[in-house]
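J.: Okay, so here is work.pdb, and as you'll see once you scroll down, it has PDB, N, CA and C atoms, pLDDT in the B column.
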MODEL        1
ATOM      1  N   MET A   1     -65.356 -22.871  75.300  1.00 57.00           N
ATOM      2  CA  MET A   1     -66.801 -22.926  75.234  1.00 57.00           C
ATOM      3  C   MET A   1     -67.425 -23.076  76.612  1.00 57.00           C
ATOM      4  N   ASN A   2     -66.758 -23.835  77.472  1.00 76.00           N
ATOM      5  CA  ASN A   2     -67.280 -24.064  78.804  1.00 76.00           C
ATOM      6  C   ASN A   2     -67.353 -22.756  79.597  1.00 76.00           C
ATOM      7  N   MET A   3     -66.357 -21.875  79.398  1.00 75.00           N
ATOM      8  CA  MET A   3     -66.358 -20.581  80.084  1.00 75.00           C
ATOM      9  C   MET A   3     -67.511 -19.716  79.606  1.00 75.00           C
ATOM     10  N   ASP A   4     -67.840 -19.794  78.319  1.00 88.00           N
ATOM     11  CA  ASP A   4     -68.957 -19.014  77.803  1.00 88.00           C
ATOM     12  C   ASP A   4     -70.259 -19.426  78.481  1.00 88.00           C
ATOM     13  N   LYS A   5     -70.434 -20.711  78.679  1.00 89.00           N
ATOM     14  CA  LYS A   5     -71.639 -21.196  79.351  1.00 89.00           C
ATOM     15  C   LYS A   5     -71.678 -20.710  80.795  1.00 89.00           C
ATOM     16  N   LYS A   6     -70.523 -20.727  81.461  1.00 89.00           N
ATOM     17  CA  LYS A   6     -70.459 -20.272  82.854  1.00 89.00           C
ATOM     18  C   LYS A   6     -70.765 -18.782  82.949  1.00 89.00           C
ATOM     19  N   LYS A   7     -70.198 -18.003  82.011  1.00 90.00           N
ATOM     20  CA  LYS A   7     -70.458 -16.563  82.014  1.00 90.00           C
ATOM     21  C   LYS A   7     -71.923 -16.265  81.774  1.00 90.00           C
ATOM     22  N   LYS A   8     -72.507 -16.963  80.810  1.00 91.00           N
ATOM     23  CA  LYS A   8     -73.930 -16.754  80.515  1.00 91.00           C
ATOM     24  C   LYS A   8     -74.797 -17.137  81.714  1.00 91.00           C
ATOM     25  N   ALA A   9     -74.447 -18.234  82.381  1.00 92.00           N
ATOM     26  CA  ALA A   9     -75.211 -18.667  83.553  1.00 92.00           C
ATOM     27  C   ALA A   9     -75.079 -17.665  84.686  1.00 92.00           C
ATOM     28  N   ALA A  10     -73.880 -17.126  84.894  1.00 91.00           N
ATOM     29  CA  ALA A  10     -73.670 -16.142  85.959  1.00 91.00           C
ATOM     30  C   ALA A  10     -74.455 -14.862  85.667  1.00 91.00           C
ATOM     31  N   ILE A  11     -74.419 -14.402  84.425  1.00 91.00           N
ATOM     32  CA  ILE A  11     -75.157 -13.191  84.055  1.00 91.00           C
ATOM     33  C   ILE A  11     -76.651 -13.408  84.211  1.00 91.00           C
ATOM     34  N   ALA A  12     -77.140 -14.578  83.807  1.00 92.00           N
ATOM     35  CA  ALA A  12     -78.570 -14.875  83.951  1.00 92.00           C
ATOM     36  C   ALA A  12     -78.978 -14.904  85.416  1.00 92.00           C
ATOM     37  N   ALA A  13     -78.103 -15.456  86.279  1.00 93.00           N
ATOM     38  CA  ALA A  13     -78.421 -15.514  87.706  1.00 93.00           C
ATOM     39  C   ALA A  13     -78.483 -14.114  88.312  1.00 93.00           C
ATOM     40  N   VAL A  14     -77.556 -13.251  87.913  1.00 92.00           N
ATOM     41  CA  VAL A  14     -77.556 -11.885  88.438  1.00 92.00           C
ATOM     42  C   VAL A  14     -78.793 -11.136  87.959  1.00 92.00           C
ATOM     43  N   MET A  15     -79.128 -11.294  86.707  1.00 92.00           N
ATOM     44  CA  MET A  15     -80.307 -10.612  86.164  1.00 92.00           C
ATOM     45  C   MET A  15     -81.583 -11.092  86.863  1.00 92.00           C
ATOM     46  N   GLN A  16     -81.665 -12.389  87.133  1.00 94.00           N
ATOM     47  CA  GLN A  16     -82.828 -12.928  87.834  1.00 94.00           C
ATOM     48  C   GLN A  16     -82.905 -12.371  89.253  1.00 94.00           C
ATOM     49  N   TYR A  17     -81.762 -12.275  89.924  1.00 92.00           N
ATOM     50  CA  TYR A  17     -81.728 -11.725  91.274  1.00 92.00           C
ATOM     51  C   TYR A  17     -82.192 -10.271  91.276  1.00 92.00           C
ATOM     52  N   LEU A  18     -81.688  -9.489  90.340  1.00 90.00           N
ATOM     53  CA  LEU A  18     -82.084  -8.078  90.268  1.00 90.00           C
ATOM     54  C   LEU A  18     -83.569  -7.927  89.979  1.00 90.00           C
ATOM     55  N   GLU A  19     -84.099  -8.763  89.111  1.00 92.00           N
ATOM     56  CA  GLU A  19     -85.537  -8.705  88.795  1.00 92.00           C
ATOM     57  C   GLU A  19     -86.363  -9.079  90.018  1.00 92.00           C
ATOM     58  N   THR A  20     -85.931 -10.095  90.752  1.00 91.00           N
ATOM     59  CA  THR A  20     -86.648 -10.492  91.973  1.00 91.00           C
ATOM     60  C   THR A  20     -86.618  -9.367  93.002  1.00 91.00           C
ATOM     61  N   GLU A  21     -85.463  -8.734  93.157  1.00 88.00           N
ATOM     62  CA  GLU A  21     -85.347  -7.632  94.101  1.00 88.00           C
ATOM     63  C   GLU A  21     -86.245  -6.456  93.691  1.00 88.00           C
ATOM     64  N   ARG A  22     -86.296  -6.162  92.393  1.00 87.00           N
ATOM     65  CA  ARG A  22     -87.140  -5.071  91.901  1.00 87.00           C
ATOM     66  C   ARG A  22     -88.612  -5.366  92.174  1.00 87.00           C
ATOM     67  N   ARG A  23     -89.014  -6.620  91.968  1.00 88.00           N
ATOM     68  CA  ARG A  23     -90.415  -6.989  92.229  1.00 88.00           C
ATOM     69  C   ARG A  23     -90.753  -6.870  93.717  1.00 88.00           C
ATOM     70  N   GLN A  24     -89.814  -7.259  94.575  1.00 86.00           N
ATOM     71  CA  GLN A  24     -90.056  -7.144  96.012  1.00 86.00           C
ATOM     72  C   GLN A  24     -90.201  -5.688  96.431  1.00 86.00           C
ATOM     73  N   MET A  25     -89.358  -4.821  95.886  1.00 81.00           N
ATOM     74  CA  MET A  25     -89.451  -3.394  96.203  1.00 81.00           C
ATOM     75  C   MET A  25     -90.771  -2.816  95.709  1.00 81.00           C
ATOM     76  N   ALA A  26     -91.211  -3.243  94.540  1.00 82.00           N
ATOM     77  CA  ALA A  26     -92.475  -2.762  94.000  1.00 82.00           C
ATOM     78  C   ALA A  26     -93.644  -3.260  94.848  1.00 82.00           C
ATOM     79  N   ALA A  27     -93.532  -4.486  95.365  1.00 83.00           N
ATOM     80  CA  ALA A  27     -94.600  -5.047  96.185  1.00 83.00           C
ATOM     81  C   ALA A  27     -94.707  -4.334  97.525  1.00 83.00           C
ATOM     82  N   MET A  28     -93.581  -3.833  98.041  1.00 78.00           N
ATOM     83  CA  MET A  28     -93.616  -3.124  99.312  1.00 78.00           C
ATOM     84  C   MET A  28     -94.328  -1.787  99.168  1.00 78.00           C
ATOM     85  N   GLY A  29     -94.293  -1.228  97.994  1.00 74.00           N
ATOM     86  CA  GLY A  29     -95.047  -0.008  97.737  1.00 74.00           C
ATOM     87  C   GLY A  29     -94.401   1.258  98.246  1.00 74.00           C
ATOM     88  N   GLY A  30     -93.372   1.163  99.039  1.00 59.00           N
ATOM     89  CA  GLY A  30     -92.719   2.347  99.573  1.00 59.00           C
ATOM     90  C   GLY A  30     -91.765   2.955  98.565  1.00 59.00           C
ATOM     91  N   PRO A  31     -91.347   4.171  98.848  1.00 58.00           N
ATOM     92  CA  PRO A  31     -90.383   4.786  97.941  1.00 58.00           C
ATOM     93  C   PRO A  31     -89.046   4.048  97.999  1.00 58.00           C
ATOM     94  N   ALA A  32     -88.329   4.085  96.933  1.00 59.00           N
ATOM     95  CA  ALA A  32     -87.035   3.416  96.878  1.00 59.00           C
ATOM     96  C   ALA A  32     -86.082   4.064  97.869  1.00 59.00           C
ATOM     97  N   ARG A  33     -85.227   3.262  98.435  1.00 64.00           N
ATOM     98  CA  ARG A  33     -84.264   3.753  99.397  1.00 64.00           C
ATOM     99  C   ARG A  33     -83.234   4.615  98.664  1.00 64.00           C
ATOM    100  N   VAL A  34     -82.942   5.766  99.220  1.00 64.00           N
ATOM    101  CA  VAL A  34     -81.981   6.673  98.618  1.00 64.00           C
ATOM    102  C   VAL A  34     -80.598   6.380  99.183  1.00 64.00           C
ATOM    103  N   VAL A  35     -79.651   6.185  98.311  1.00 69.00           N
ATOM    104  CA  VAL A  35     -78.282   5.909  98.728  1.00 69.00           C
ATOM    105  C   VAL A  35     -77.447   7.126  98.371  1.00 69.00           C
ATOM    106  N   ALA A  36     -76.762   7.665  99.364  1.00 70.00           N
ATOM    107  CA  ALA A  36     -75.926   8.842  99.132  1.00 70.00           C
ATOM    108  C   ALA A  36     -74.633   8.414  98.452  1.00 70.00           C
ATOM    109  N   ILE A  37     -74.335   9.058  97.358  1.00 69.00           N
ATOM    110  CA  ILE A  37     -73.097   8.787  96.633  1.00 69.00           C
ATOM    111  C   ILE A  37     -72.124   9.895  97.002  1.00 69.00           C
ATOM    112  N   PRO A  38     -70.964   9.547  97.547  1.00 66.00           N
ATOM    113  CA  PRO A  38     -70.022  10.588  97.965  1.00 66.00           C
ATOM    114  C   PRO A  38     -69.516  11.386  96.765  1.00 66.00           C
ATOM    115  N   ASP A  39     -69.248  12.639  97.008  1.00 68.00           N
ATOM    116  CA  ASP A  39     -68.725  13.520  95.980  1.00 68.00           C
ATOM    117  C   ASP A  39     -67.299  13.090  95.640  1.00 68.00           C
ATOM    118  N   ALA A  40     -67.027  12.884  94.357  1.00 64.00           N
ATOM    119  CA  ALA A  40     -65.724  12.393  93.928  1.00 64.00           C
ATOM    120  C   ALA A  40     -64.610  13.378  94.270  1.00 64.00           C
ATOM    121  N   ALA A  41     -64.932  14.667  94.335  1.00 62.00           N
ATOM    122  CA  ALA A  41     -63.907  15.670  94.627  1.00 62.00           C
ATOM    123  C   ALA A  41     -63.426  15.568  96.075  1.00 62.00           C
ATOM    124  N   ARG A  42     -64.291  15.135  97.003  1.00 64.00           N
ATOM    125  CA  ARG A  42     -63.919  15.084  98.413  1.00 64.00           C
ATOM    126  C   ARG A  42     -63.243  13.772  98.800  1.00 64.00           C
ATOM    127  N   ILE A  43     -63.313  12.769  97.964  1.00 66.00           N
ATOM    128  CA  ILE A  43     -62.743  11.472  98.328  1.00 66.00           C
ATOM    129  C   ILE A  43     -61.228  11.559  98.452  1.00 66.00           C
ATOM    130  N   GLY A  44     -60.567  12.255  97.541  1.00 66.00           N
ATOM    131  CA  GLY A  44     -59.124  12.313  97.544  1.00 66.00           C
ATOM    132  C   GLY A  44     -58.539  13.458  98.347  1.00 66.00           C
ATOM    133  N   VAL A  45     -59.373  14.197  99.087  1.00 65.00           N
ATOM    134  CA  VAL A  45     -58.887  15.354  99.833  1.00 65.00           C
ATOM    135  C   VAL A  45     -58.181  14.889 101.105  1.00 65.00           C
ATOM    136  N   ALA A  46     -56.928  15.319 101.272  1.00 66.00           N
ATOM    137  CA  ALA A  46     -56.189  14.987 102.490  1.00 66.00           C
ATOM    138  C   ALA A  46     -56.582  15.974 103.585  1.00 66.00           C
ATOM    139  N   ARG A  47     -56.812  15.459 104.765  1.00 68.00           N
ATOM    140  CA  ARG A  47     -57.177  16.292 105.907  1.00 68.00           C
ATOM    141  C   ARG A  47     -55.972  16.335 106.842  1.00 68.00           C
ATOM    142  N   PRO A  48     -55.201  17.418 106.819  1.00 69.00           N
ATOM    143  CA  PRO A  48     -53.944  17.442 107.581  1.00 69.00           C
ATOM    144  C   PRO A  48     -54.136  17.276 109.080  1.00 69.00           C
ATOM    145  N   TYR A  49     -55.208  17.836 109.629  1.00 68.00           N
ATOM    146  CA  TYR A  49     -55.414  17.704 111.075  1.00 68.00           C
ATOM    147  C   TYR A  49     -55.744  16.260 111.439  1.00 68.00           C
ATOM    148  N   GLY A  50     -56.508  15.594 110.596  1.00 69.00           N
ATOM    149  CA  GLY A  50     -56.820  14.191 110.845  1.00 69.00           C
ATOM    150  C   GLY A  50     -55.586  13.319 110.743  1.00 69.00           C
ATOM    151  N   LEU A  51     -54.753  13.606 109.750  1.00 70.00           N
ATOM    152  CA  LEU A  51     -53.523  12.833 109.595  1.00 70.00           C
ATOM    153  C   LEU A  51     -52.574  13.076 110.754  1.00 70.00           C
ATOM    154  N   ALA A  52     -52.489  14.310 111.218  1.00 76.00           N
ATOM    155  CA  ALA A  52     -51.609  14.629 112.332  1.00 76.00           C
ATOM    156  C   ALA A  52     -52.086  13.925 113.601  1.00 76.00           C
ATOM    157  N   GLY A  53     -53.383  13.860 113.811  1.00 78.00           N
ATOM    158  CA  GLY A  53     -53.922  13.191 114.995  1.00 78.00           C
ATOM    159  C   GLY A  53     -53.613  11.713 114.999  1.00 78.00           C
ATOM    160  N   ARG A  54     -53.756  11.084 113.847  1.00 78.00           N
ATOM    161  CA  ARG A  54     -53.458   9.662 113.748  1.00 78.00           C
ATOM    162  C   ARG A  54     -51.976   9.410 113.977  1.00 78.00           C
ATOM    163  N   SER A  55     -51.147  10.264 113.426  1.00 81.00           N
ATOM    164  CA  SER A  55     -49.696  10.119 113.604  1.00 81.00           C
ATOM    165  C   SER A  55     -49.324  10.244 115.074  1.00 81.00           C
ATOM    166  N   THR A  56     -49.928  11.205 115.755  1.00 84.00           N
ATOM    167  CA  THR A  56     -49.646  11.404 117.175  1.00 84.00           C
ATOM    168  C   THR A  56     -50.071  10.181 117.989  1.00 84.00           C
ATOM    169  N   GLN A  57     -51.223   9.626 117.692  1.00 86.00           N
ATOM    170  CA  GLN A  57     -51.679   8.440 118.402  1.00 86.00           C
ATOM    171  C   GLN A  57     -50.711   7.282 118.218  1.00 86.00           C
ATOM    172  N   MET A  58     -50.211   7.117 117.004  1.00 87.00           N
ATOM    173  CA  MET A  58     -49.279   6.024 116.748  1.00 87.00           C
ATOM    174  C   MET A  58     -47.967   6.240 117.492  1.00 87.00           C
ATOM    175  N   GLN A  59     -47.495   7.478 117.557  1.00 89.00           N
ATOM    176  CA  GLN A  59     -46.256   7.759 118.283  1.00 89.00           C
ATOM    177  C   GLN A  59     -46.427   7.500 119.771  1.00 89.00           C
ATOM    178  N   ILE A  60     -47.547   7.902 120.336  1.00 87.00           N
ATOM    179  CA  ILE A  60     -47.800   7.668 121.763  1.00 87.00           C
ATOM    180  C   ILE A  60     -47.853   6.176 122.047  1.00 87.00           C
ATOM    181  N   ARG A  61     -48.495   5.398 121.180  1.00 89.00           N
ATOM    182  CA  ARG A  61     -48.545   3.952 121.357  1.00 89.00           C
ATOM    183  C   ARG A  61     -47.151   3.347 121.351  1.00 89.00           C
ATOM    184  N   THR A  62     -46.319   3.796 120.413  1.00 89.00           N
ATOM    185  CA  THR A  62     -44.954   3.282 120.324  1.00 89.00           C
ATOM    186  C   THR A  62     -44.172   3.601 121.593  1.00 89.00           C
ATOM    187  N   ILE A  63     -44.301   4.817 122.083  1.00 88.00           N
ATOM    188  CA  ILE A  63     -43.608   5.210 123.312  1.00 88.00           C
ATOM    189  C   ILE A  63     -44.072   4.358 124.489  1.00 88.00           C
ATOM    190  N   MET A  64     -45.364   4.114 124.587  1.00 87.00           N
ATOM    191  CA  MET A  64     -45.884   3.297 125.687  1.00 87.00           C
ATOM    192  C   MET A  64     -45.368   1.860 125.588  1.00 87.00           C
ATOM    193  N   HIS A  65     -45.233   1.334 124.385  1.00 86.00           N
ATOM    194  CA  HIS A  65     -44.679  -0.015 124.226  1.00 86.00           C
ATOM    195  C   HIS A  65     -43.225  -0.047 124.691  1.00 86.00           C
ATOM    196  N   TYR A  66     -42.449   0.962 124.300  1.00 85.00           N
ATOM    197  CA  TYR A  66     -41.050   1.023 124.725  1.00 85.00           C
ATOM    198  C   TYR A  66     -40.946   1.115 126.244  1.00 85.00           C
ATOM    199  N   ARG A  67     -41.794   1.887 126.872  1.00 84.00           N
ATOM    200  CA  ARG A  67     -41.748   2.026 128.332  1.00 84.00           C
ATOM    201  C   ARG A  67     -42.108   0.704 129.010  1.00 84.00           C
ATOM    202  N   GLY A  68     -43.066  -0.008 128.403  1.00 82.00           N
ATOM    203  CA  GLY A  68     -43.454  -1.307 128.972  1.00 82.00           C
ATOM    204  C   GLY A  68     -42.356  -2.333 128.839  1.00 82.00           C
ATOM    205  N   LEU A  69     -41.598  -2.282 127.769  1.00 79.00           N
ATOM    206  CA  LEU A  69     -40.524  -3.250 127.555  1.00 79.00           C
ATOM    207  C   LEU A  69     -39.273  -2.928 128.368  1.00 79.00           C
ATOM    208  N   ARG A  70     -39.113  -1.660 128.693  1.00 73.00           N
ATOM    209  CA  ARG A  70     -37.915  -1.253 129.406  1.00 73.00           C
ATOM    210  C   ARG A  70     -37.863  -1.887 130.799  1.00 73.00           C
ATOM    211  N   GLY A  71     -39.034  -2.042 131.399  1.00 60.00           N
ATOM    212  CA  GLY A  71     -39.115  -2.769 132.649  1.00 60.00           C
ATOM    213  C   GLY A  71     -38.933  -1.934 133.821  1.00 60.00           C
TER
ENDMDL
END
Turn the structure described in the file into structure tokens.
T.:
Amino acid sequence: MNMDKKKKAAIAAVMQYLETERRQMAAMGGPARVVAIPDAARIGVARPYGLAGRSTQMQIRTIMHYRGLRG
């Protein structure tokens, strides 16, 4: 029962926060801020040139560490 009260209190707090934020945006009178949502198809696309560049950077770093340790 105690968890139910906590859940209800948390939901009420979030709803109150969202309502306050909505009222503030309405009071400002400006258009709502547009948030760009990334295309789901492009999120999982592997970029081979980007991956190759990162791999090369890591290899160069490793080589430089070995040269520094060699003395």
J.: Could you state the separation of CA of Ala9 (chain A) and atom N of Glu21 (chain A) in Å, given to one decimal place?
T.: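 Result for CA of Ala9 (chain A) versus atom N of Glu21 (chain A): 17.2 Å, one decimal.
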J.: Interatomic distance between CA of Glu19 (chain A) and CA of Met3 (chain A)?
T.: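 CA of Met3 (chain A) lies 24.2 Å from CA of Glu19 (chain A).
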J.: Can you work out the spacing between CA of Arg23 (chain A) and CA of Lys5 (chain A) in Å, to one decimal?
T.: 26.8 Å
